[in-house]
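S.K.: Please find model_38.cif (mmCIF, C-alpha atoms) on the next line:
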```
data_work
loop_
_atom_site.label_atom_id
_atom_site.label_comp_id
_atom_site.auth_asym_id
_atom_site.auth_seq_id
_atom_site.Cartn_x
_atom_site.Cartn_y
_atom_site.Cartn_z
CA MET A 1 19.54 -8.70 -5.10
CA ILE A 2 17.72 -10.36 -2.15
CA HIS A 3 19.73 -12.38 0.33
CA TRP A 4 18.25 -13.84 3.50
CA LEU A 5 20.79 -13.99 6.35
CA ASP A 6 18.41 -15.74 8.77
CA GLU A 7 14.66 -15.74 9.54
CA THR A 8 14.59 -12.07 10.55
CA HIS A 9 17.48 -10.51 8.61
CA LEU A 10 17.89 -9.93 4.90
CA GLU A 11 19.91 -7.81 2.53
CA VAL A 12 18.40 -5.97 -0.42
CA ASP A 13 20.92 -4.67 -2.92
CA GLY A 14 23.57 -4.75 -0.19
CA LEU A 15 21.54 -2.97 2.52
CA ARG A 16 20.68 -4.97 5.65
CA PHE A 17 17.10 -5.08 7.03
CA ARG A 18 15.75 -6.56 10.26
CA LEU A 19 12.12 -7.70 10.54
CA ASP A 20 10.59 -6.27 13.72
CA VAL A 21 6.90 -5.81 14.51
CA SER A 22 7.25 -4.19 17.93
CA ARG A 23 4.81 -1.34 18.38
CA ASP A 24 7.50 1.21 19.24
CA ARG A 25 8.16 3.47 16.29
CA PRO A 26 11.84 3.24 15.30
CA LEU A 27 12.54 6.92 14.70
CA VAL A 28 16.29 6.32 14.66
CA ASP A 29 17.99 3.15 13.38
CA SER A 30 21.57 2.25 12.70
CA SER A 31 22.48 3.20 9.15
CA SER A 32 23.85 -0.33 8.75
CA GLU A 33 20.55 -2.05 9.68
CA ILE A 34 17.07 -0.80 8.77
CA VAL A 35 14.02 -1.93 10.74
CA LEU A 36 11.38 -3.34 8.39
CA MET A 37 8.05 -3.59 10.21
CA LYS A 38 6.72 -6.60 8.36
CA PRO A 39 5.61 -9.53 10.51
CA ARG A 40 6.67 -12.52 8.47
CA ALA A 41 9.36 -13.55 6.05
CA ASP A 42 6.64 -15.04 3.81
CA LEU A 43 4.97 -11.61 3.49
CA VAL A 44 8.27 -10.01 2.50
CA ASN A 45 8.91 -12.80 -0.01
CA ALA A 46 5.41 -12.33 -1.43
CA TYR A 47 6.18 -8.64 -2.05
CA VAL A 48 9.52 -9.51 -3.62
CA ASP A 49 7.76 -11.86 -6.06
CA ALA A 50 4.86 -9.49 -6.77
CA LEU A 51 7.09 -6.47 -7.40
CA ALA A 52 9.86 -8.24 -9.31
CA SER A 53 8.87 -6.79 -12.69
CA TYR A 54 8.53 -3.18 -11.55
CA ARG A 55 11.51 -0.88 -12.19
CA ASN A 56 11.79 2.85 -12.85
CA CYS A 57 8.11 3.19 -12.00
CA ASN A 58 5.80 5.51 -10.06
CA VAL A 59 4.93 4.23 -6.59
CA VAL A 60 2.62 5.40 -3.81
CA GLU A 61 2.99 4.07 -0.28
CA LEU A 62 0.22 4.69 2.25
CA GLY A 63 1.34 4.08 5.82
CA VAL A 64 5.05 4.62 6.38
CA TRP A 65 5.45 4.57 10.17
CA GLY A 66 9.19 4.14 10.83
CA GLY A 67 10.25 4.54 7.20
CA GLY A 68 11.87 1.11 6.79
CA SER A 69 9.28 -0.06 4.28
CA THR A 70 9.85 3.04 2.12
CA ILE A 71 13.56 2.27 2.03
CA PHE A 72 12.82 -1.38 1.28
CA TYR A 73 10.57 -0.52 -1.69
CA GLU A 74 13.07 2.00 -3.04
CA ARG A 75 15.85 -0.57 -2.80
CA LEU A 76 13.69 -3.25 -4.40
CA MET A 77 12.09 -1.32 -7.28
CA LYS A 78 14.41 1.64 -7.91
CA PRO A 79 11.35 3.76 -8.69
CA ARG A 80 11.26 6.93 -10.75
CA LYS A 81 9.25 8.47 -7.90
CA LEU A 82 7.98 7.09 -4.60
CA VAL A 83 5.44 9.21 -2.73
CA ALA A 84 5.25 8.10 0.92
CA ILE A 85 2.08 9.21 2.75
CA GLU A 86 1.82 8.94 6.54
CA LEU A 87 -0.56 10.15 9.27
CA GLU A 88 2.24 10.87 11.78
CA THR A 89 3.74 14.35 11.47
CA ASP A 90 7.46 13.62 12.00
CA VAL A 91 9.55 12.14 9.23
CA PRO A 92 11.71 9.39 10.79
CA LYS A 93 15.40 10.29 11.00
CA THR A 94 16.33 7.02 9.32
CA LEU A 95 14.33 7.94 6.22
CA GLU A 96 15.68 11.49 6.21
CA HIS A 97 19.25 10.20 6.38
CA TYR A 98 18.65 7.61 3.67
CA ILE A 99 17.22 10.20 1.28
CA ALA A 100 20.09 12.61 1.91
CA GLU A 101 22.91 10.05 1.81
CA ASN A 102 21.66 8.52 -1.45
CA ASP A 103 20.70 11.79 -3.16
CA LEU A 104 17.07 10.72 -3.46
CA GLY A 105 15.42 14.07 -2.75
CA GLY A 106 13.70 14.03 -6.12
CA THR A 107 12.78 10.36 -5.93
CA ILE A 108 11.36 9.73 -2.43
CA VAL A 109 8.78 12.34 -1.42
CA PRO A 110 7.57 11.97 2.19
CA CYS A 111 4.12 13.49 2.82
CA TYR A 112 3.59 13.35 6.58
CA GLY A 113 0.61 14.47 8.61
CA VAL A 114 -1.80 13.25 5.92
CA ASP A 115 -4.90 11.19 6.73
CA GLN A 116 -5.63 8.64 4.01
CA GLY A 117 -9.31 9.45 4.46
CA ASP A 118 -8.70 13.06 3.38
CA ALA A 119 -9.70 12.83 -0.27
CA GLU A 120 -8.96 16.46 -1.11
CA THR A 121 -5.40 16.34 0.23
CA LEU A 122 -4.70 13.04 -1.53
CA ARG A 123 -5.97 14.55 -4.76
CA GLU A 124 -3.64 17.55 -4.36
CA ILE A 125 -0.63 15.36 -3.61
CA MET A 126 -1.20 13.10 -6.59
CA LYS A 127 -1.67 16.02 -8.96
CA ARG A 128 1.39 17.86 -7.64
CA GLU A 129 3.79 14.93 -7.55
CA PHE A 130 2.86 12.99 -10.68
CA GLN A 131 1.49 15.78 -12.89
CA GLY A 132 -0.73 13.48 -14.88
CA GLU A 133 1.70 10.56 -15.16
CA PRO A 134 0.08 7.20 -14.34
CA VAL A 135 0.98 5.34 -11.18
CA ASP A 136 2.30 1.78 -11.41
CA VAL A 137 2.14 0.49 -7.83
CA VAL A 138 0.21 1.48 -4.70
CA ILE A 139 0.88 -0.20 -1.35
CA ASP A 140 -1.62 0.54 1.41
CA ASP A 141 -0.41 -0.40 4.88
CA ALA A 142 -2.07 2.56 6.58
CA SER A 143 -5.20 2.60 8.76
CA HIS A 144 -6.60 -0.83 7.75
CA ARG A 145 -10.06 0.63 8.43
CA TYR A 146 -12.76 0.23 5.82
CA LEU A 147 -13.92 3.81 5.23
CA PRO A 148 -10.58 5.68 5.03
CA THR A 149 -9.04 2.81 3.05
CA LYS A 150 -11.90 2.95 0.54
CA THR A 151 -11.61 6.74 0.30
CA ALA A 152 -7.93 6.46 -0.61
CA PHE A 153 -8.66 3.62 -3.05
CA ASN A 154 -11.39 5.59 -4.81
CA GLU A 155 -9.00 8.54 -5.25
CA ILE A 156 -5.85 6.73 -6.31
CA PHE A 157 -6.92 3.55 -8.12
CA PRO A 158 -8.20 5.48 -11.19
CA LEU A 159 -4.70 6.97 -11.53
CA LEU A 160 -3.11 3.54 -12.02
CA ARG A 161 -2.02 2.59 -15.50
CA ALA A 162 -3.75 -0.42 -17.07
CA GLY A 163 -2.17 -3.45 -15.44
CA GLY A 164 -0.96 -1.44 -12.44
CA ARG A 165 -1.48 -3.00 -9.02
CA TYR A 166 -2.92 -1.73 -5.77
CA PHE A 167 -1.94 -3.72 -2.67
CA LEU A 168 -4.14 -3.79 0.44
CA GLU A 169 -2.07 -5.13 3.31
CA ASP A 170 -3.56 -6.88 6.38
CA TRP A 171 -6.98 -6.84 4.74
CA GLY A 172 -8.22 -9.84 6.78
CA TRP A 173 -7.76 -8.59 10.35
CA ALA A 174 -11.46 -9.12 11.18
CA HIS A 175 -11.03 -12.84 10.48
CA TRP A 176 -7.86 -13.43 12.45
CA ARG A 177 -8.00 -15.46 15.65
CA GLY A 178 -7.45 -14.02 19.11
CA ARG A 179 -7.71 -10.36 20.04
CA PHE A 180 -8.62 -9.25 16.53
CA GLN A 181 -12.09 -10.76 16.98
CA GLU A 182 -12.75 -7.79 19.32
CA HIS A 183 -10.72 -5.26 17.33
CA TRP A 184 -12.73 -2.30 15.97
CA LYS A 185 -15.84 -4.36 16.67
CA ASP A 186 -18.20 -1.49 15.90
CA GLU A 187 -16.61 -0.77 12.51
CA PRO A 188 -17.05 -2.60 9.20
CA ALA A 189 -14.28 -5.03 8.35
CA LEU A 190 -11.74 -4.10 5.69
CA SER A 191 -12.58 -7.37 3.95
CA ASN A 192 -15.84 -5.73 2.83
CA LEU A 193 -13.78 -3.72 0.35
CA VAL A 194 -12.28 -6.95 -1.00
CA PHE A 195 -15.77 -8.44 -1.41
CA GLU A 196 -16.92 -5.31 -3.26
CA LEU A 197 -13.92 -5.38 -5.58
CA SER A 198 -14.63 -9.03 -6.39
CA MET A 199 -18.20 -8.10 -7.33
CA VAL A 200 -16.89 -5.30 -9.56
CA VAL A 201 -14.82 -7.91 -11.43
CA ALA A 202 -17.91 -10.12 -11.79
CA THR A 203 -20.08 -7.25 -13.03
CA TRP A 204 -17.64 -5.74 -15.53
CA GLY A 205 -15.64 -8.80 -16.58
CA GLY A 206 -12.29 -7.21 -15.83
CA TYR A 207 -13.06 -3.94 -17.64
CA MET A 208 -12.43 -1.75 -14.59
CA VAL A 209 -10.75 -4.15 -12.19
CA SER A 210 -9.11 -6.96 -14.11
CA ARG A 211 -8.39 -9.22 -11.15
CA VAL A 212 -8.25 -9.48 -7.36
CA ASP A 213 -5.51 -11.77 -6.08
CA VAL A 214 -6.09 -12.73 -2.45
CA GLN A 215 -3.22 -13.81 -0.22
CA HIS A 216 -3.03 -14.01 3.55
CA GLY A 217 -0.85 -10.92 3.92
CA PHE A 218 -2.23 -8.72 1.16
CA VAL A 219 -4.72 -8.43 -1.67
CA ALA A 220 -3.37 -7.28 -5.04
CA VAL A 221 -5.96 -5.43 -7.14
CA GLU A 222 -5.07 -5.04 -10.82
CA ARG A 223 -6.39 -2.14 -12.90
CA GLY A 224 -8.34 -3.08 -16.00
CA THR A 225 -8.05 -1.52 -19.44
CA GLY A 226 -11.43 0.22 -19.45
CA GLN A 227 -12.26 3.85 -18.84
CA LEU A 228 -13.37 4.54 -15.29
CA PRO A 229 -16.23 6.89 -14.37
CA ALA A 230 -15.32 10.46 -13.44
CA ARG A 231 -16.57 9.88 -9.89
CA PHE A 232 -15.13 6.48 -9.08
CA ASP A 233 -16.75 4.68 -6.14
CA VAL A 234 -16.22 0.96 -5.69
CA SER A 235 -19.46 0.58 -3.75
CA SER A 236 -21.58 1.78 -6.68
CA LEU A 237 -19.98 -0.26 -9.47
CA PHE A 238 -21.40 -3.75 -9.00
CA LEU A 239 -24.80 -5.33 -9.60
CA SER A 240 -26.48 -7.20 -6.75
CA ARG A 241 -30.04 -7.91 -7.97
CA ASP A 242 -31.23 -4.76 -6.19
CA ARG A 243 -30.22 -6.24 -2.86
CA LYS A 244 -28.19 -4.14 -0.47
CA PHE A 245 -24.73 -5.46 0.30
CA GLN A 246 -24.58 -6.06 4.06
CA HIS A 247 -21.25 -5.27 5.70
CA ILE A 248 -19.75 -7.64 8.22
#
```
Please express what this file holds, its structure, as structure tokens.
M.R.:
Amino acid sequence: MIHWLDETHLEVDGLRFRLDVSRDRPLVDSSSEIVLMKPRADLVNAYVDALASYRNCNVVELGVWGGGSTIFYERLMKPRKLVAIELETDVPKTLEHYIAENDLGGTIVPCYGVDQGDAETLREIMKREFQGEPVDVVIDDASHRYLPTKTAFNEIFPLLRAGGRYFLEDWGWAHWRGRFQEHWKDEPALSNLVFELSMVVATWGGYMVSRVDVQHGFVAVERGTGQLPARFDVSSLFLSRDRKFQHI
């Protein structure tokens, strides 16, 4: 199903992708080659391994940009439904064409012009599109900022089935060398959310969050089997000896 042609080109179920991390948004691609804005072959391979067991499932993607990743996940998982949420207002032509040409109008649902920090809108989308069905996979490659990422996590993570996985991509930007040491310097690092999730695992023994798998490119957070509180907030679910957790 996956065939690497060289370091930057691969085929997934017969469709060719090209890895490209240029900042220009590819609104129009060739139908024979889809731009996949993932920076490294090892990150793509990590997703292939992590998502290998998911088929005919419910998927949420936060952060769509040029649409290549949405096509990649559809090709890889063949989901029952894939809801693609993006801050930009224009659906990329490539994604529009792919949905139309493959008769996927009921499978891929683009929701553009949506801020991941808008809890009310996220709640409405999830209720409308899944109608109470649990979600199996969430992939967050959106803002990478702590507060809006946590807002989306608090809204969507409780909707995962037990054993479902929530991926936080590029979680470690505040610890990367070079220009990222000055990036969003006045904001809390996204890694704070990873630290909090780890403390939730320690406090509840996997009841709410069963595990947090940390890799360089993403963190995979697995839903536990326990019942979550009605108002789910990661920051209030761990014990810390009455000491306040200090963000970095």
S.K.: Which residues, protein or nucleic acid, reach to within 7 Å of (4.4, -0.9, -9.0) in the file's coordinates when using all atoms listed in the file, and can you give that as a list of chain:residue names?
M.R.: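 Protein and nucleic acid residues near the point are A:Leu51, A:Tyr54, A:Cys57, A:Asn58, A:Val59, A:Asp136, A:Val137, A:Val138, A:Gly164, A:Arg165.
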S.K.: Using all atoms listed in the file, pick whichever of A:Leu104, A:Ala162, A:Lys150, A:Gly206 has the shortest atom-to-atom distance to A:Val194.
M.R.: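 Going through A:Leu104, A:Ala162, A:Lys150, A:Gly206 one by one, the smallest distance to A:Val194 is for A:Lys150.
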S.K.: Do you know which residues the PyMOL selection byres ((chain A and resi 143) around 9) returns on this file, as a ChimeraX atom specification?
M.R.: /A:62-63,87,115-116,140-142,144-146,148-149
S.K.: Starting from the point (-1.2, 5.8, -14.4), work out which residues of protein, DNA or RNA have an atom no more than 8 Å away when counting all atoms listed in the file; state them as a PyMOL selection string.
M.R.: chain A and resi 132-136+158-162+164
S.K.: Just checking: using only C-alpha atoms, which residue out of A:Ala46, A:Tyr98, A:Val91, A:Pro110 ends up closest to A:Asp213?
M.R.: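 Closest candidate: A:Ala46.
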S.K.: Give me the residues within 7 Å of stretch 230-235 of chain A as a PyMOL selection string, counting only C-alpha atoms and dropping any in the same chain fewer than 5 places off.
M.R.: chain A and resi 154+196-197
